[in-house]
Structure formats: C-alpha cells, structure tokens
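Here the structure comes first, spelled out in structure tokens, and everything after it is commentary.
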Amino acid sequence: MSDTLNLSRRTLIKGAMTAGAAGVALPWLWRPSQAAQTLVCADPGGAYTTAFKEAFYEPFTKETGIAVTSVARRGYPAAEFKAQVETKSYNWDLSGGISADIADFLKKSDLVEDLDLGGDDVAAIPANMKTPFFVGNGLYTFILAYRSDRMKNVKSFASLWDKELPGGRGMRRFARDSIEVALRADGVAPGDDIYKVLSTAEGWDRAFKKLDEIKPQVQVWWDSAPQSTQIIQTGEVDICPMPNARAQTAIDNGVPVAIDWEGGFYSVEGWCIPKGAPKADLARQFVKFCARADRQAAYTKELSNGPTNPGAYKFIDEKRAPALPSFPDNLAKTVAVNDAFWGEHKAKADVRFSEWLLS
Amino acid sequence: MSDTALRAPLPARADSGLRSAKFRRLWPLLPTSIFLLIVFLIPVSQLLWLSIVDAGGEINLDHYERLFSTTLYFNVLKNTFSIALWTTLICIVAGYPVAYLLASVSPASRSGLLIWVMVPFWTSFLVRSFAWMLLLGRDGVLNQWMASLGVIEQPLKLMYNFFGVMVGMSHAMLPIAILTMLSVMQSINPNLTRAASTLGAGTSHSFWRIYFPLSLPGVAAAGLLVFITAMGFFITPTLLGSPREMMMAQLIIIQIEEMLNWGFAGAISVMLLVAAFSIFYLFDRVLGMSALTGGASYGKSRGRDGLLSRLGSDIGRRFIAGISWIGWGIGHGFHMLFRPKYDRPGGQRMTARWLVGLAVIIFLAVPTFFVIPLSFSENSFFGWPPRGFSLQWYEAYFSSAIWQEATLRSVGVGLSTAMLSVVLGTPAAFFLSRQQIAGKTAIIAFILSPIILPHIVVAVALFYAYSYVGLIGTNIGLVIGHTVFTLPYVIITVMAVLKNYDQRLDQAAWTLGADQARTFRYITFPLIRTGLITAFLFAFVRSFDELTIALFVSGGIATTLPRQMWSEALLNISPTLAAVSTLMLVFVAAIILIAEFVGRRSRRR
C-alpha cells in the first residue's frame with residue numbers, strides 16, 4: 001500500500017485532535033455567553049455598531065452606569081424575534097436599526113412590547129416616525145446614484161430608462177423598490193399616486209411593462225447592501241438606485257459619485273423590544289435616551305442616515321448635514337414609503353417580481 | 001475488485017434469532033443515528049410539520065397548493081439542480097487530474113501543493129466572492145488585461161451571469177472534490193498498476209483499466225458531496241450571478257425571515273428534499289451507490305429487485321466500463337499517433353499531469369493574489385489596484401479583542417466539531433460500507449439531508465430545541481449544531497476510503513493473534529488515516545465558515561469569526577476582511593510547513 005498522505009500530516013492531525021479533545025473537555029464550552037447586569041442590544045453590525053456605540057451605548061453607560069453590550073443580528077430580525085418570544089429565551093433585550101415596516105409586521109405577529117413615548121425628546125420626533133411600539137432614530141432614503149465622471153444630465157429615476165444616456169445600469173433585486181422606481185419613471189407622481197395606480201391589476205401590469213423595457217439594459221441586479229457600494233465604486237455600473245448611505249460611502253471613499261434626491265423614498269428605522277423581554281423597562285429607558293437631539297446628531301458621524309429629532313441638526317456639522325436624508329432640502333424632495341401598503345402586498349409582489357426576473 | 005464476497009465479515013442473512021448479534025452488528029450506526037434523531041430529525045420535523053397543519057392544528061395542504069399555483073418554485077428548483085449539477089461536473093473533471101497529480105508526487109511536493117489546493121478553505125466566502133468581482137468585473141483585472149493585449153475591444157461579461165456563478169462555485173467546491181478523490185487514490189495499491197505493466201499493459205491501458213475503476217469510489221463520493229453542498233449554496237450565486245441563478249435556499253430564507261411564514265417555508269423545504277431524494281434514488285439505481293458502499297453484490301443479493309433497478313444497475317456497470325474503454329481507446333489512439341515508443345515513467349506523461357494540475361491550482365490560488373495586496377492598501381474599500389501601503393487593517397485586527405476572541409472561539413468550536421464528527425461518523429461509515437442491510441440508501445439519504453436544507457431551517461429548529469435544555473448561547477450548542485452539517489462529510493469521505501480497503505488484512509491480523517483493538521490500531525487506522533484526516537479537515541472547515549447557526553444559536557454576545565466578518569461586511573467590504581484572510585492563510589501554511597519539517601526529521605531518524 002502506498003503511504004497515506006504522509007507522516008507530517010499525522011503529526012498535524014494528532015496535535016489538532018488533542019486540542020479538539022481538550023476543547024470539548026474545557027468548561028468554557030458550557031459557559032452561557034450572556035452576562036447578568038447588562039442591557040444587550042442587537043444591531044445590524046458593522047458601521048451600525050460603531051456608530052451606535054459612540055452615540056448611544058457608551059454615553060448611556062456613562063450616565064446610568066448600566067453597561068450596554070451590542071450583538072449583531074440578521075438583517076431581517078423577524079425570525080429571531082419570533083423564536084425568542086415563543087421560547088422565552090432572550091438573547092437580547094432590544095434591537096435597533098429595525099425598519100418601520102418590519103416593526104409593523106412584528107406588531108401584527110404580536111412580538112413586540114409597547115414603548116414609553118413620554119418626555120420632550122420623543123415628543124420632538126414627527127408623528128409619522130414613531131408608533132406605540134416603535135421609535136425611529138434614523139431615516140434612510142432610496143435615491144438614484146450615478147458616476148459623475150461618466151454620466152451627465154441625470155435628472156431623475158427616468159434617466160435610468162433614457163437610451164440617450166450611455167452607461168451600465170444597476171437595479172435592486174427587490175420587488176418594492178423596483179416597482180416604485182418603475183412607476184416614477186413612467187410619470188406617476190411619488191407618494192399616494194403610486195398606491196392609487198397599484199390599487200388595480202392594470203397598475204401592476206403597467207409597472208411590470210415599464211420594467212420590461214429596462215430589463216435588457218440592467219447589468220447588475222444587486223442584492224446585498226455592500227454590493228451596491230461595490231458596483232458603483234468599481235465602475236461595474238454607472239447609474240443605480242440604492243440607499244443614500246451606500247452611495248455616500250462611495251463618495252467618502254473618494255469615488256466620483258453623485259446623489260439625485262429628487263423622487264427618492266425614505267423609510268424610518270428605530271428601536272423595538274421583543275415581547276416579554278425581562279429587562280424591558282431598562283430597554284424603554286434606553287430608547288428614550290436615544291431620542292435626544294445630541295445623541296442622534298452623534299450617530300450621523302459614522303452613518304449617513306438622517307436623525308428623526310429635528311433638533312439634532314443644531315449639533316451636526318454644516319458640511320455633513322446636506323448629505324443626510326432628513327436635511328430639510330433633501331426631505332422636501334422625497335416622500336415616505338407606504339409601509340402599510342407594502343406590508344399587505346409584499347408576498348404577492350415578491351412572487352410576481354421573482355417570476356418576472358426568471359422569465 | 002474481485003474480493004467482494006470476502007468483504008462482508010458476516011453473511012448477509014444473519015441468523016435473525018440472535019438479538020444480541022444483531023445489536024452488535026448495528027451498534028456502529030447508533031451514535032450517528034441517535035445524534036441526528038435528537039438534534040436534527042425531531043426538531044426539523046416539528047418545523048416541517050407546520051407545512052401541513054393550519055393555525056387550528058388541522059391538516060391543511062394549502063401551502064402545497066400554493067407551491068404549484070405558480071411556476072416560480074418549480075423553475076427555481078430546476079435552476080438549483082442545474083447549477084449544482086454543472087458545478088459537480090466541473091469539479092470532477094477539473095479536480096481528477098489534480099488529485100491524480102497529488103497522488104503521484106513525493107510527499108514533500110504534495111504538502112506544498114496541498115497548501116495551494118486548500119487556499120479557498122481559509123478565505124471566507126465573502127472575501128472570495130468580492131475578490132472574484134475585482135477580477136471578473138467590467139473594469140476588472142481580467143478585462144483590462146485582455147484589452148491591453150488587444151485580445152478584446154469591448155469588455156467581456158464575465159460575471160453576473162452563469163459563467164460567474166460557475167467560477168465562484170467551482171472555486172469553492174474544488175478543494176472538497178480534490179481532497180475526497182485524493183484520499184481514495186492514496187489507498188489504491190500501486191502494485192496493481194505495476195502488475196498490469198509487467199503483464200504488458202501500456203500506461204494508458206493500466207490507467208484506464210486498473211487505476212481509474214479503483215478511483216471511482218472517490219469520484220462518486222466527491223460528486224455526491226459537491227452536488228449536495230452546491231444545492232445549499234446561495235451567497236455565491238447571488239453575488240456573482242444574475243437573478244436567473246436564483247436558488248431554492250433563497251426562497252426558503254425569504255419565507256422564514258421576511259414573511260415569518262414557516263409553514264410555507266416548510267413546504268418549499270419538503271419540495272427540495274423530495275426532489276433531492278429522487279435524484280439520489282436515481283443515482284443509486286443507475287450508477288449504483290455500490291460505487292461507494294461496497295460490493296456489487298449489494299444489488300444482486302436482494303430478491304425483490306425489480307426490472308427497473310436491475311436495468312439501472314446494468315446500465316450503470318456498462319456506463320463505468322464504457323468510460324474505461326473510451327478513455328483507454330482515446331489514450332491508446334493518442335499513444336499510437338504521437339508516441340510510438342514505450343512510455344518512460346516520469347516522462348512527458350508526468351509533464352502533462354503537472355500542466356493540468358498546476359492550471360487548476362493557479363485557478364484556486366488566483367483570488368488570494370488579490371486579497372493579500374489589498375490587505376496592505378490605504379484604501380478603505382475593496383478596490384483594485386490597491387493604493388499606498390498601510391498596516392492599519394492588521395492593526396485593526398490585532399488591537400481588537402473582539403476579533404481575536406472570535407478567532408479563538410471559531411478555532412475551538414471548529415476543532416471540537418471536527419473531533420465530535422469523526423468520533424460519531426467513523427463507526428457509521430464502517431457500518432455503511434461493510435454491512436448489507438435493506439434500506440441502506442435511505443439511511444445515507446437521511447444522513448445527507450442536513451446539507452440539502454438551508455442552514456436557517458436547522459438553525460430555527462435548533463433554537464426551539466435548545467430553549468428546553470438551556471443550550472442557547474453556549475459553545476457546546478454551537479458545536480452540536482455544526483456537527484449536524486459536518487457528519488455527512490465525514491461519513492461519505494471515510495466510506496469512500498473504506499471501499500478499497502481489503503478486509504483480508506484484518507483477517508490476517510486476527511489469524512496472527514491480534515485482537516480487534518490491536519487490529520484497528522496497527523492495521524486499519526494507518527490504512528484509512530488519509531480518509532480520517534480529510535474528514536477531520538472538511539468538518540473543521542465547514543464549522544469554521546459557518547454563519548447562520550452561529551447567529552441564531554450562539555445568539556448572545558459571544559461571536560465567531562464568520563459572524564464577525566459578516567458583520568464587518570454589512571455595509572462596506574473593508575480591507576480588514578482581506579487582512580484576516582491573509583493572516584489565516586499564513587497561519588495555516590505555517591502549520592502545514594512546520595508539520596512537514598517535523599515529519600521529515602522523524603522520517604529520517
């Protein structure tokens with residue numbers, strides 16, 4: 001018989017196996033990883049963790065003595081909410097960075113606690129950015145981003161369809177955003193008119209007919225957030241709708257990218273507490289703290305999401321402010337997404353959109 | 001090949017009156033079965049059960065009606081299978097020559113080459129995909145290079161299509177295919193080929209008629225592992241493909257996470273499982289799981305075999321024989337045309353092997369050549385070419401306790417997982433490759449099913465199961481969860497190696513007075529060592545790169561390396577990921593080289 005791999009790998013594997021056995025035996029394997037006297041807050045991770053730590057977690061600890069630990073959660077936390085609430089095994093006490101539509105959805109499934117909306121700070125937040133179970137702390141807007149070095153005369157989402165404009169197109173692989181963009185490009189006014197059109201079957205056909213026109217032109221259907229930054233940065237596409245913060249990251253990286261706010265649509269993201277969380281009271285206190293103008297201002301340093309408390313702009317650098325979605329000039333050009341409408345139609349829209357993509 | 005009758009130590013029709021004998025025969029299967037029953041079958045069945053009951057607990061098939069009310073699910077299922085199938089074909093065809101090369105070079109060269117073959121294992125799937133984007137993009141390195149050479153005028157579309165998906169998928173899967181085939185090739189007795197030569201067979205003749213058929217268990221095992229692993233992949237197709245390359249896993253994840261419609265997610269999962277099992281069944285009937293599970297007698301021994309299955313296995317045998325003959329014919333023809341003289345061992349044939357092998361190895365290593373320079377870039381994003389020189393990304397890693405703890409935890413969990421999988425899986429592999437029992441194919445299908453389902457299905461199911469026993473947020477819970485996915489790799493790999501194991505060696509040892517333990521220690525273990533090492537490695541790597549279970553089950557504060565990387569990559573792919581991947585490569589290469597050095601010294605002594 002030929003020698004098997006060789007002696008060296010036996011040595012290697014012996015060492016590894018010994019270490020493995022030791023690993024199994026070590027008590028650290030049994031130690032639950034949750035500490036007792038802290039508030040555990042889930043966030044989407046990455047730049048969110050950095051921004052939240054500086055603006056919310058650490059200042060809260062300084063003021064109250066309660067340590068806040070952050071953990072990364074999945075992008076769509078609904079399954080985590082459901083599993084935790086149903087089993088009463090709480091990995092975290094609250095979660096930030098939750099979109100208002102997901103919050104509504106969680107409420108419908110009875111998975112969230114009510115919040116404490118008292119106090120001046122929460123009161124300063126506009127009524128459409130909070131509900132009894134959700135307090136928004138940031139706005140993010142779906143805008144049109146393009147390479148300013150390669151594209152001229154970009155006017156609005158309609159420019160994506162403009163055959164006169166050369167360059168690669170990107171779109172988001174997501175039913176809601178693609179349909180909203182298509183109808184805008186087809187001349188429907190942003191806001192209520194969109195949902196009026198979509199109240200009929202013909203309206204849906206109209207949106208998909210418009211999408212048919214652009215389908216052959218689309219180079220990339222991006223799916224994950226970092227991908228949208230990457231494709232505009234590396235020049236894979238020249239024009240592409242994406243969240244404003246993704247385009248801003250490319251701009252901050254020194255890439256010639258411009259943002260067109262006209263016709264953009266924004267969503268609110270904020271805090272929710274899983275139903276029955278043992279430290280819900282502490283979490284409510286934390287949510288109130290995060291509504292403060294100065295805290296919200298601090299959080300925009302790392303993330304180009306817009307504060308919901310208008311007072312925050314007093315604390316934000318003048319150069320930074322125009323890049324944020326809730327900056328008055330930008331806000332005036334954009335409208336809110338109708339979360340209730342999309343909540344109701346999401347399942348149908350997703351299937352039809354996926355079928356359309358495959359056809 | 002000829003000793004199939006001697007392989008089964010106990011006759012197929014054992015005396016059914018002896019209960020204890022039956023138990024003694026079955027016990028090797030028990031650890032794996034009990035483990036999978038408790039941590040996979042029961043929790044996942046509870047989740048899948050939701051697909052056939054409504055809120056009131058009544059049986060209700062609405063979810064299944066919905067599956068067939070649109071063409072979406074069927075089309076995506078077709079997509080999933082076609083992507084998995086093409087990936088498998090590419091990996092086998094491209095991987096076989098590499099495995100063959102590795103099996104025929106000196107141990108020292110082998111260690112060196114293995115470092116490169118395993119490179120994709122140590123770079124996170126995210127880093128790999130983004131590295132390919134830099135290479136294959138419209139303004140990517142490959143297009144720029146070809147344009148500057150004047151080969152092309154317009155940039156070629158190399159990704160966001162099927163081609164891009166195949167590049168990414170085969171890059172990720174080739175190491176699995178190569179190592180599985182290699183572990184079987186190394187168990188082939190080289191004297192057989194020599195004997196053939198002595199009897200007058202030319203090199204191509206002895207390869208195609210002797211070596212190739214003996215290496216087939218490796219091909220079958222590699223094909224099976226790549227196919228089911230590819231079926232569950234969805235991140236690579238999403239990042240490098242177009243929406244046309246949609247995978248079933250994505251649809252299941254959307255139902256679980258975005259819609260909280262676990263019943264419907266269960267229905268899609270059942271559809272995927274049923275389809276996968278059907279393919280598996282066909283594979284077994286036509287090509288024969290016997291390629292993997294020992295003995296062609298398997299098919300014959302069962303009286304109730306229908307026409308279909310006899311026809312199937314007949315086709316299968318002819319198919320394999322056909323490949324051998326065709327391969328020999330081509331080789332022989334080639335030989336007649338170009339090389340009229342006798343082969344010299346180590347001559348041009350070896351050169352050809354090196355050329356093909358190196359081409360594939362370069363393909364495996366290429367993304368790394370981009371990742372390493374990026375880790376020293378001053379840019380804060382993944383862009384080519386890197387600008388300036390900076391150690392800030394390494395500093396970010398070494399100054400962060402979170403990164404280092406995550407690394408340590410991942411290594412610890414990975415080693416424990418690999419250990420547990422090998423301990424549980426090896427007896428099961430022995431059983432499955434040697435015993436003749438009815439329903440063996442069904443048992444193998446069951447063992448493989450955790451890989452077929454997207455991880456999130458198992459993750460959610462385990463969360464509920466763990467909540468009863470307080471395992472949420474523990475490392476042991478994570479190890480158990482990962483073992484569900486790594487067991488199939490261990491069992492299939494060890495089975496493939498055992499296929500060529502000559503049991504007469506055991507009998508010889510017994511005759512000479514060795515007891516079972518000594519026989520295992522001195523005869524069996526050394527012979528199947530390669531398979532065990534490969535199995536251990538696969539299990540470690542799977543665990544080391546696993547994200548979903550880590551997110552759900554270890555939910556709390558403790559993070560793992562993939563989780564930390566994924567979180568870092570949430571909004572922007574920063575060069576920190578490149579730095580971490582580079583560190584991993586250096587670390588693993590160092591271990592292999594040191595082991596090689598130590599090994600060489602001990603050999604010399």
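Residues are named by chain letter and number: chains run A, B, ... in the order of the structure tokens, numbers start at 1 in each chain, and ligands are numbered from 1 in the order shown.
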**OP:** Once DSSP has gone over the backbone, tell me which residues of region 119-267 of chain A are in strand (DSSP E or B), as JSON, numbers by chain.
**Re:** {"A": [130, 131, 134, 135, 136, 137, 138, 139, 140, 141, 142, 143, 144, 145, 146, 147, 169, 170, 171, 172, 218, 219, 220, 221, 222, 239, 240, 241, 242, 243, 257, 258, 259, 260, 261, 262, 263, 264, 265, 266, 267]}
Original post:
What residues in chain B lie within 7 Å of chain A, counting only C-alpha atoms, written as number ranges by chain?
Top reply: B: 72, 107, 137-139, 160, 186-190, 238, 242-244, 256-258, 260, 380, 383, 412, 415-416, 419, 464, 467, 473-476, 529-530, 533, 551, 555-558, 567-573, 595-596, 598-599
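Residues in contact range of region 277-292 of chain A, defined as at most 8 Å between only C-alpha atoms, with sequence neighbours fewer than 6 positions away removed, read Leu39, Phe56, Phe60, Val85, Lys88, Tyr90, Asp93, Leu94, Glu113, Leu115, Asp116, Leu117, Gly119, Asp121, Val122, Ile125, Val135, Asn137, Trp271, Asn309 and Ala312 of chain A.
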Kindly export the residues of the current selection with C-alpha atoms, as a tab-separated table (two decimals), in the first residue's frame.
chain	number	residue	atom	x	y	z
A	39	LEU	CA	-28.50	45.59	28.66
A	56	PHE	CA	-25.83	55.64	22.30
A	60	PHE	CA	-25.83	55.69	28.22
A	85	VAL	CA	-40.53	35.38	22.23
A	88	LYS	CA	-38.83	32.94	26.17
A	90	TYR	CA	-33.88	36.14	25.17
A	93	ASP	CA	-33.27	42.95	25.33
A	94	LEU	CA	-33.94	45.21	22.40
A	113	GLU	CA	-43.51	45.38	23.72
A	115	LEU	CA	-42.56	51.66	24.47
A	116	ASP	CA	-42.63	54.72	26.71
A	117	LEU	CA	-43.37	57.68	24.48
A	119	GLY	CA	-40.78	63.11	27.51
A	121	ASP	CA	-37.24	64.21	23.25
A	122	VAL	CA	-39.62	61.58	21.94
A	125	ILE	CA	-39.92	63.25	16.73
A	135	VAL	CA	-39.43	54.87	17.95
A	137	ASN	CA	-33.98	57.23	15.23
A	271	TRP	CA	-35.96	50.51	18.19
A	309	ASN	CA	-35.34	64.52	16.00
A	312	ALA	CA	-30.27	67.20	16.03
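Neighbours of Leu114 (chain B) closer than or equal to 10 Å, with only C-alpha atoms counted and sequence neighbours fewer than 3 positions away skipped, come out as Ala99, Leu102, Ala108, Ser109, Arg110, Ser111, Val117, Met118, Val119, Pro175, Ile178, Leu179, Ile361, Ala589 and Ile592 of chain B.
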Subject >> d(CA of Tyr501 (chain B), CA of Leu527 (chain B)) in Å >> reply: 7.8 Å
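Using only C-alpha atoms, the shortest contact distance between Asn128 (chain A) and any of A:Val268, A:Leu303, A:Leu331, A:Met151 is found at A:Val268.
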**OP:** Identify, on the basis of only C-alpha atoms, every residue whose closest approach to region 195-212 of chain A does not exceed 9 Å; exclude the query and any residue fewer than 4 positions from it along the same chain; express the result as a PyMOL selection string.
**Re:** chain A and resi 161+178-183+185-186+188+191+216+338+341+353+356
**OP:** Report the residues of region 122-264 of chain A whose backbone DSSP state falls under helix (DSSP H, G or I), written as number ranges by chain.
**Re:** A: 122-124, 127-129, 157-160, 175-185, 192-197, 201-217, 225-233, 244-252
